[in-house]
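This report refers to the structure that appears directly beneath it.
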Amino acid sequence: MTSVSVRDLTLRFGSLEVLSSLNLDINEGEFLVLLGPSGCGKSTLLNCVAGLLDISEGQVFISGKNVTWEEPKDRGIGMVFQSYALYPQMTVEKNLAFGLQIAKLPKDEIAARIKRAAEILQIEPLLKRKPAQLSGGQRQRVAIGRALVRDVDVFLFDEPLSNLDAKLRAELRVELKRLHQNLTNTMIYVTHDQIEALTLADRIAVMKGGIIQQLDTPLTIYNKPVNLFVAGFIGSPSMNFLKGQVELQDGTPSVRLGENLLVPLAGYDAQGTMSDGQKVIFGVRPEHLTLTRDQTSGPSLPAVVELEEPMGADSLVWLRLGDQSMSVRTESNSRFSPGEEVVVTFDLDHASVFDANTEERI
Amino acid sequence: MDKVADLNNNSLSAQGDAGDRSVSEGPRGEKPKRVLTRRNIILYGTLIVVALYYLLPLYVMVVTSLKGMPEIRLGNIFSPPVEVTFAPWVKAWSEACTGLNCEGLSRGFWNSVRILVPSVVLSIAIASVNGYALANWRFKGAELFFTILIVGAFIPYQVMIYPIVIMLREIGLYGSLTGLVLVHTVFGMPILTLLFRNYFASVPEELFKAARVDGAGFWAIYFRIMLPMSLPIFVVAIILQVTGIWNDFLFGVIYTKPDLYPMTVQLNNIVNSTQGVKEYNVNMAATILTGLVPLCVYFVSGKLFVRGIAAGAVKG
């Protein structure tokens, strides 16, 4: 069943169109991540769903109800902000109680809900403290608690972990995932961090310029990005892009990356047709390449090692391939020295070919 | 080129030597400071001169107000009183005459209080809500409204004096305290609104959004979220208004009548009354009495004042 549904949503600030006729359906209990660079409209979209921004055109449905013109409080949402947004003059307990008092809930009901939320988030010892006396991680927990006590169907997260340091971020990320598994509420989560997106999401919507570029499961987005932008945005270290040209031999296409550098595309799951001489960009992730000193089976090309970046568990080897450069992830104990001649083997199941003009996947 | 390299080497090795010596062998205790450096002499010298420059008039006033008239006639205005008397203070407060009225400053004081309290409360209450609405509820035409309000702050008072006289007369408030309170409230509006708007604009927007998601409306957010967070800016506003309205002379003399003159006007009339001998001691005492209220406000809230001004200035 659909939990949140956005229909032809358009938002303009003056003449600037921030979101243009956007459609999005989120299933009940789904964890949807809106991912994109700064200014792509992801937070704006979340604010529209929350009702904090009046939309120019379109409709928003939550739990089957048209809430396009409803106040935020009547939409059945709870929201968590990047800067925590705890009321500084109130204790944690009062912060949690604030919304419930405004909704005029009975006192014992409020107390019960706070108790339950505090238990789930393990913030019981903090209830009497003021936000200023809490650490960043504790504050964000309280902020999540404030959404939790509202007992709503949909949680909205606006970059909730961005103000935390790396270690705490990783911890809270796991906790959020656990929370979602236990609560089974619908969650919409805005972030610019692809790791958060890949680890948390049931589905990811990659956004750019107010338009959803691709909406799919994390693995599909990672393996089969629909265009050059999504391919480059997802994955770290990022995908190698090699300029090339299609060559058709007996109907089977190959990509020519340079002189003596021909990658046969037999086995590539093409979505469209390729024509002879078509300019393309061949994309392959560093982790989907194998580096050997001897010739192997499978499509492979000769290359020269430029430098190596050891990263602990593995290392990133930068290669020159004709006049283009690319990186390969290798095991850290297979040392390569600059200038060494090696062989790169491609895994075509995980490769992507994009049209150089439209930047769309072929 | 070689020489430079050489120098670098030298300095490096010198540093190395110093590093080798352990800290415990070096001199101990606090770093010695010289008190009489040229910098300190200039700095404190200037400060003392400036402080004296400002304090001397006050000193003369206090000293003169404690002297009797015979002593004043000796002409030595800096000498401390030989015989301390509080009679001038009593006279200034309750006996000094202005025209036919001989109640001293006390009547003016109470008039001023009756003007001050409602003006301050009213202007701050309205301006803070204005500022809050302008900063957080960007309603349609908010920018235009704000611009008009700010332009209002730059129109010279003199231009508006007579139109306001007519307006007050038409609504029947001319010559009454209520009319004066109204004038003070209106004239305080631009600067106070600007002050509050800037302060509320510096409050994180997400806090406001969180409150809206929590279901708080316009007034609930104002009273329960914004007000408790903005004590410093309220102190600033109170100080600005108290000193401004208390020290006002022009509006007081124009929009009220003699019975209702505020303390400043009363003071002027006492000091400038032409009959008889000029009683310098009474005049001094009266002046100090009049200035006492703003002075107290500054002393009590100086620290908060600075903090609030700084807080309000964060965003323009």
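Convention: chains lettered A, B, ... in structure tokens order; per-chain residue numbering from 1; ligands numbered from 1 as shown.
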Would you mind listing, as an mmCIF file with C-alpha atoms, in the first residue's frame, all residues of chain A that have at least one atom within 6 Å of chain B, where only C-alpha atoms are what counts?
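That gives us part_35.cif:
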data_model
loop_
_atom_site.group_PDB
_atom_site.id
_atom_site.type_symbol
_atom_site.label_atom_id
_atom_site.label_comp_id
_atom_site.auth_asym_id
_atom_site.auth_seq_id
_atom_site.Cartn_x
_atom_site.Cartn_y
_atom_site.Cartn_z
ATOM 1 C CA PRO A 72 2.273 20.102 9.151
ATOM 2 C CA LYS A 73 0.775 18.905 12.429
ATOM 3 C CA ALA A 85 16.333 21.891 16.494
ATOM 4 C CA GLY A 99 3.937 18.710 20.701
#
**Message:** Could you list, as a list in words, every residue within 9 Å of region 206-217 of chain A, counting only C-alpha atoms and ignoring same-chain residues fewer than 6 positions away?
**Reply:**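 Listed by chain and then number, they are Glu17, Val18, Leu19, Ser20, Ser21, Leu22, Asn23, Leu24, Val33, Leu34, Leu35, Gly36, Pro37, Ser38, Gly39, Cys40, Gly41, Lys42, Thr44, Leu45, Leu198, Pro225, Val226, Asn227, Phe229, Val230 and Phe233 of chain A.
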Take the residues just selected and output them with C-alpha atoms as an mmCIF file, in the first residue's frame.
data_model
loop_
_atom_site.group_PDB
_atom_site.id
_atom_site.type_symbol
_atom_site.label_atom_id
_atom_site.label_comp_id
_atom_site.auth_asym_id
_atom_site.auth_seq_id
_atom_site.Cartn_x
_atom_site.Cartn_y
_atom_site.Cartn_z
ATOM 1 C CA GLU A 17 11.590 26.395 -10.640
ATOM 2 C CA VAL A 18 13.086 24.344 -7.829
ATOM 3 C CA LEU A 19 11.026 21.203 -8.339
ATOM 4 C CA SER A 20 9.340 20.442 -11.627
ATOM 5 C CA SER A 21 6.314 18.156 -11.892
ATOM 6 C CA LEU A 22 7.782 15.544 -9.648
ATOM 7 C CA ASN A 23 6.105 12.197 -9.021
ATOM 8 C CA LEU A 24 7.012 9.849 -6.216
ATOM 9 C CA VAL A 33 16.398 7.968 0.716
ATOM 10 C CA LEU A 34 16.474 11.183 -1.284
ATOM 11 C CA LEU A 35 20.050 11.503 -2.404
ATOM 12 C CA GLY A 36 21.735 14.278 -4.310
ATOM 13 C CA PRO A 37 24.275 17.083 -4.215
ATOM 14 C CA SER A 38 23.558 20.397 -2.460
ATOM 15 C CA GLY A 39 20.881 22.426 -4.159
ATOM 16 C CA CYS A 40 19.281 19.497 -5.979
ATOM 17 C CA GLY A 41 15.946 20.096 -4.236
ATOM 18 C CA LYS A 42 15.933 17.072 -1.952
ATOM 19 C CA THR A 44 12.891 21.204 -0.477
ATOM 20 C CA LEU A 45 10.931 18.138 -1.511
ATOM 21 C CA LEU A 198 23.288 2.733 0.233
ATOM 22 C CA PRO A 225 22.975 3.655 -13.105
ATOM 23 C CA VAL A 226 20.640 5.169 -15.681
ATOM 24 C CA ASN A 227 22.887 8.044 -16.606
ATOM 25 C CA PHE A 229 25.357 11.693 -13.267
ATOM 26 C CA VAL A 230 24.022 8.837 -11.159
ATOM 27 C CA PHE A 233 27.581 10.298 -7.871
#
**Request:** Just the residues within 9 Å of region 158-168 of chain B, please, counting only C-alpha atoms, with nothing from its chain fewer than 3 positions along; format it as a list in words.
**Result:**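 These residues fall inside the cut-off: Ile155, Ile171, Gly172, Leu173, Tyr174, Gly175, Gly179, Val183, Phe251, Ile254 and Tyr255 of chain B.
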Could you write out that same residue set with N, CA and C atoms as an mmCIF file, in the first residue's frame?
data_model
loop_
_atom_site.group_PDB
_atom_site.id
_atom_site.type_symbol
_atom_site.label_atom_id
_atom_site.label_comp_id
_atom_site.auth_asym_id
_atom_site.auth_seq_id
_atom_site.Cartn_x
_atom_site.Cartn_y
_atom_site.Cartn_z
ATOM 1 N N ILE B 155 12.665 59.550 8.415
ATOM 2 C CA ILE B 155 11.980 60.834 8.234
ATOM 3 C C ILE B 155 12.219 61.674 9.487
ATOM 4 N N ILE B 171 -8.593 62.939 17.142
ATOM 5 C CA ILE B 171 -9.104 61.782 17.902
ATOM 6 C C ILE B 171 -9.238 62.120 19.379
ATOM 7 N N GLY B 172 -9.056 63.384 19.687
ATOM 8 C CA GLY B 172 -9.336 63.833 21.045
ATOM 9 C C GLY B 172 -8.307 63.433 22.071
ATOM 10 N N LEU B 173 -7.081 63.158 21.648
ATOM 11 C CA LEU B 173 -6.062 62.758 22.605
ATOM 12 C C LEU B 173 -4.982 63.819 22.784
ATOM 13 N N TYR B 174 -5.144 64.949 22.102
ATOM 14 C CA TYR B 174 -4.114 65.978 22.210
ATOM 15 C C TYR B 174 -4.078 66.544 23.622
ATOM 16 N N GLY B 175 -2.857 66.678 24.156
ATOM 17 C CA GLY B 175 -2.707 67.224 25.490
ATOM 18 C C GLY B 175 -2.947 66.199 26.588
ATOM 19 N N GLY B 179 -2.196 60.261 24.602
ATOM 20 C CA GLY B 179 -1.712 60.707 23.302
ATOM 21 C C GLY B 179 -0.206 60.595 23.209
ATOM 22 N N VAL B 183 2.246 58.351 20.776
ATOM 23 C CA VAL B 183 3.319 58.903 19.945
ATOM 24 C C VAL B 183 4.627 58.148 20.200
ATOM 25 N N PHE B 251 8.669 65.773 22.428
ATOM 26 C CA PHE B 251 7.297 65.266 22.386
ATOM 27 C C PHE B 251 6.552 65.633 23.659
ATOM 28 N N ILE B 254 5.453 69.196 23.511
ATOM 29 C CA ILE B 254 4.492 69.505 22.452
ATOM 30 C C ILE B 254 3.128 68.858 22.698
ATOM 31 N N TYR B 255 3.145 67.575 23.054
ATOM 32 C CA TYR B 255 1.883 66.834 23.053
ATOM 33 C C TYR B 255 1.180 66.782 24.405
#
**Message:** Need to verify the contact set: Arg113 (chain A), 12 Å, only C-alpha atoms, exclusion of same-chain residues closer than 3 positions in sequence. Can you return it as a PyMOL selection string?
**Reply:** chain A and resi 93+96-97+99-101+105-110+116-120+145-151
Those same residues, written as a PDB file, in the first residue's frame with N, CA and C atoms?
ATOM      1  N   GLU A  93      12.741  16.195  28.510  1.00  0.00           N
ATOM      2  CA  GLU A  93      11.380  15.718  28.740  1.00  0.00           C
ATOM      3  C   GLU A  93      10.348  16.702  28.170  1.00  0.00           C
ATOM      4  N   LEU A  96      10.190  16.665  24.445  1.00  0.00           N
ATOM      5  CA  LEU A  96       9.397  15.554  23.922  1.00  0.00           C
ATOM      6  C   LEU A  96       7.906  15.812  24.130  1.00  0.00           C
ATOM      7  N   ALA A  97       7.585  16.487  25.242  1.00  0.00           N
ATOM      8  CA  ALA A  97       6.178  16.673  25.586  1.00  0.00           C
ATOM      9  C   ALA A  97       5.518  17.815  24.821  1.00  0.00           C
ATOM     10  N   GLY A  99       4.946  18.934  21.733  1.00  0.00           N
ATOM     11  CA  GLY A  99       3.937  18.710  20.701  1.00  0.00           C
ATOM     12  C   GLY A  99       2.692  18.045  21.245  1.00  0.00           C
ATOM     13  N   LEU A 100       2.896  17.154  22.219  1.00  0.00           N
ATOM     14  CA  LEU A 100       1.763  16.424  22.780  1.00  0.00           C
ATOM     15  C   LEU A 100       0.895  17.342  23.632  1.00  0.00           C
ATOM     16  N   GLN A 101       1.556  18.292  24.333  1.00  0.00           N
ATOM     17  CA  GLN A 101       0.794  19.254  25.130  1.00  0.00           C
ATOM     18  C   GLN A 101      -0.046  20.139  24.215  1.00  0.00           C
ATOM     19  N   LEU A 105      -3.115  16.297  24.709  1.00  0.00           N
ATOM     20  CA  LEU A 105      -3.241  14.907  25.142  1.00  0.00           C
ATOM     21  C   LEU A 105      -3.274  14.858  26.666  1.00  0.00           C
ATOM     22  N   PRO A 106      -3.946  13.836  27.230  1.00  0.00           N
ATOM     23  CA  PRO A 106      -3.956  13.721  28.691  1.00  0.00           C
ATOM     24  C   PRO A 106      -2.551  13.461  29.237  1.00  0.00           C
ATOM     25  N   LYS A 107      -2.335  13.930  30.483  1.00  0.00           N
ATOM     26  CA  LYS A 107      -1.001  13.889  31.084  1.00  0.00           C
ATOM     27  C   LYS A 107      -0.408  12.487  31.132  1.00  0.00           C
ATOM     28  N   ASP A 108      -1.221  11.497  31.550  1.00  0.00           N
ATOM     29  CA  ASP A 108      -0.659  10.153  31.704  1.00  0.00           C
ATOM     30  C   ASP A 108      -0.296   9.550  30.347  1.00  0.00           C
ATOM     31  N   GLU A 109      -1.068   9.925  29.324  1.00  0.00           N
ATOM     32  CA  GLU A 109      -0.759   9.478  27.972  1.00  0.00           C
ATOM     33  C   GLU A 109       0.593  10.048  27.520  1.00  0.00           C
ATOM     34  N   ILE A 110       0.792  11.349  27.808  1.00  0.00           N
ATOM     35  CA  ILE A 110       2.061  11.997  27.446  1.00  0.00           C
ATOM     36  C   ILE A 110       3.214  11.292  28.149  1.00  0.00           C
ATOM     37  N   ARG A 116       8.083   5.413  26.681  1.00  0.00           N
ATOM     38  CA  ARG A 116       8.318   4.412  25.646  1.00  0.00           C
ATOM     39  C   ARG A 116       9.430   4.874  24.693  1.00  0.00           C
ATOM     40  N   ALA A 117       9.330   6.134  24.257  1.00  0.00           N
ATOM     41  CA  ALA A 117      10.345   6.662  23.330  1.00  0.00           C
ATOM     42  C   ALA A 117      11.722   6.666  23.980  1.00  0.00           C
ATOM     43  N   ALA A 118      11.755   7.076  25.256  1.00  0.00           N
ATOM     44  CA  ALA A 118      13.035   7.139  25.960  1.00  0.00           C
ATOM     45  C   ALA A 118      13.647   5.754  26.084  1.00  0.00           C
ATOM     46  N   GLU A 119      12.790   4.746  26.277  1.00  0.00           N
ATOM     47  CA  GLU A 119      13.289   3.376  26.369  1.00  0.00           C
ATOM     48  C   GLU A 119      13.886   2.931  25.039  1.00  0.00           C
ATOM     49  N   ILE A 120      13.140   3.163  23.980  1.00  0.00           N
ATOM     50  CA  ILE A 120      13.606   2.738  22.656  1.00  0.00           C
ATOM     51  C   ILE A 120      14.949   3.384  22.318  1.00  0.00           C
ATOM     52  N   GLY A 145      13.491  11.127  19.152  1.00  0.00           N
ATOM     53  CA  GLY A 145      12.460  10.848  20.149  1.00  0.00           C
ATOM     54  C   GLY A 145      11.261  11.761  19.986  1.00  0.00           C
ATOM     55  N   ARG A 146      11.518  13.010  19.637  1.00  0.00           N
ATOM     56  CA  ARG A 146      10.429  13.970  19.485  1.00  0.00           C
ATOM     57  C   ARG A 146       9.515  13.571  18.326  1.00  0.00           C
ATOM     58  N   ALA A 147      10.131  12.957  17.285  1.00  0.00           N
ATOM     59  CA  ALA A 147       9.296  12.457  16.191  1.00  0.00           C
ATOM     60  C   ALA A 147       8.567  11.188  16.629  1.00  0.00           C
ATOM     61  N   LEU A 148       9.260  10.393  17.445  1.00  0.00           N
ATOM     62  CA  LEU A 148       8.720   9.100  17.876  1.00  0.00           C
ATOM     63  C   LEU A 148       7.467   9.259  18.736  1.00  0.00           C
ATOM     64  N   VAL A 149       7.484  10.208  19.678  1.00  0.00           N
ATOM     65  CA  VAL A 149       6.351  10.349  20.595  1.00  0.00           C
ATOM     66  C   VAL A 149       5.084  10.786  19.866  1.00  0.00           C
ATOM     67  N   ARG A 150       5.256  11.385  18.716  1.00  0.00           N
ATOM     68  CA  ARG A 150       4.076  11.853  17.994  1.00  0.00           C
ATOM     69  C   ARG A 150       3.242  10.705  17.447  1.00  0.00           C
ATOM     70  N   ASP A 151       3.838   9.499  17.462  1.00  0.00           N
ATOM     71  CA  ASP A 151       3.082   8.311  17.095  1.00  0.00           C
ATOM     72  C   ASP A 151       2.489   8.447  15.695  1.00  0.00           C
TER      73      ASP A 151
END
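Between CA of Glu306 (chain A) and CA of Arg335 (chain A) the interatomic distance comes to 12.6 Å.
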**Asked** Contacts of Ile239 (chain B) at 9 Å or less, counting only C-alpha atoms, minus same-chain residues fewer than 3 places along, as a VMD selection string?
**Response** chain B and resid 234 to 236 242 to 244 294 297 to 298 301 305
Written file, previous selection with C-alpha atoms, as a compact mmCIF listing (two decimals), in the first residue's frame:
# COMPACT_ATOMS: atom_id res chain seq x y z
CA PHE B 234 14.26 42.34 25.31
CA VAL B 235 16.72 43.89 27.74
CA VAL B 236 18.26 45.89 24.91
CA VAL B 242 13.44 53.61 28.86
CA THR B 243 16.34 55.98 28.18
CA GLY B 244 14.81 57.31 24.99
CA PRO B 294 18.48 55.93 32.87
CA VAL B 297 18.96 51.10 34.06
CA TYR B 298 22.46 51.14 32.59
CA SER B 301 21.66 45.78 32.89
CA PHE B 305 22.87 45.16 27.08
**Item:** Non-local contacts of Ile195 (chain A) (12 Å; only C-alpha atoms; under 6 positions in same chain excluded) as a VMD selection string
**Value:** chain A and resid 33 35 161 166 169 to 170 173 to 174 201 204 218 222 233 to 237
Keeping only N, CA and C atoms, write the selected residues to a file as a CSV table (one decimal), in the first residue's frame.
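Heads up, here's the output in out_25.csv:
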chain,number,residue,atom,x,y,z
A,33,VAL,N,15.4,6.9,0.6
A,33,VAL,CA,16.4,8.0,0.7
A,33,VAL,C,16.4,8.9,-0.5
A,35,LEU,N,18.6,11.3,-2.4
A,35,LEU,CA,20.1,11.5,-2.4
A,35,LEU,C,20.4,12.5,-3.5
A,161,LEU,N,22.3,13.1,10.2
A,161,LEU,CA,23.6,12.7,10.8
A,161,LEU,C,24.7,13.7,10.3
A,166,ALA,N,32.5,11.5,12.2
A,166,ALA,CA,32.4,10.3,11.4
A,166,ALA,C,32.0,9.0,12.2
A,169,ARG,N,28.4,9.1,13.5
A,169,ARG,CA,27.6,9.0,12.3
A,169,ARG,C,27.3,7.5,12.0
A,170,ALA,N,28.4,6.8,12.0
A,170,ALA,CA,28.3,5.3,11.7
A,170,ALA,C,27.5,4.6,12.7
A,173,ARG,N,23.9,5.5,12.4
A,173,ARG,CA,23.3,5.0,11.1
A,173,ARG,C,22.8,3.6,11.4
A,174,VAL,N,23.6,2.8,12.1
A,174,VAL,CA,23.2,1.4,12.4
A,174,VAL,C,21.9,1.5,13.3
A,201,ALA,N,18.8,2.5,2.8
A,201,ALA,CA,17.6,2.6,2.0
A,201,ALA,C,17.1,1.3,1.5
A,204,ILE,N,16.4,4.2,-3.3
A,204,ILE,CA,17.0,5.5,-3.3
A,204,ILE,C,16.5,6.3,-4.5
A,218,PRO,N,19.1,0.2,-3.9
A,218,PRO,CA,20.5,0.6,-3.8
A,218,PRO,C,21.4,-0.2,-4.8
A,222,TYR,N,23.5,1.1,-7.9
A,222,TYR,CA,25.0,1.0,-7.9
A,222,TYR,C,25.5,0.2,-9.2
A,233,PHE,N,27.9,9.9,-9.2
A,233,PHE,CA,27.6,10.3,-7.9
A,233,PHE,C,27.7,9.1,-6.9
A,234,ILE,N,27.3,8.0,-7.3
A,234,ILE,CA,27.2,6.8,-6.5
A,234,ILE,C,28.5,6.0,-6.6
A,235,GLY,N,29.1,5.6,-5.4
A,235,GLY,CA,30.3,4.8,-5.4
A,235,GLY,C,31.5,5.6,-5.0
A,236,SER,N,32.3,5.0,-4.2
A,236,SER,CA,33.5,5.7,-3.7
A,236,SER,C,34.6,4.6,-3.6
A,237,PRO,N,35.7,4.7,-4.2
A,237,PRO,CA,36.1,5.7,-5.2
A,237,PRO,C,35.2,5.7,-6.4
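Residues surrounding Arg197 (chain B) within 6 Å are Gly131, Tyr132, Ala135, Thr193, Leu194, Phe200 and Ala201 of chain B [only C-alpha atoms; sequence separation below 3 positions excluded].
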**Message:** Quick check, in Å to one decimal: how far apart do CA of Ile126 (chain B) and CA of Leu182 (chain B) lie?
**Reply:**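 Between CA of Ile126 (chain B) and CA of Leu182 (chain B) the gap is 12.0 Å.
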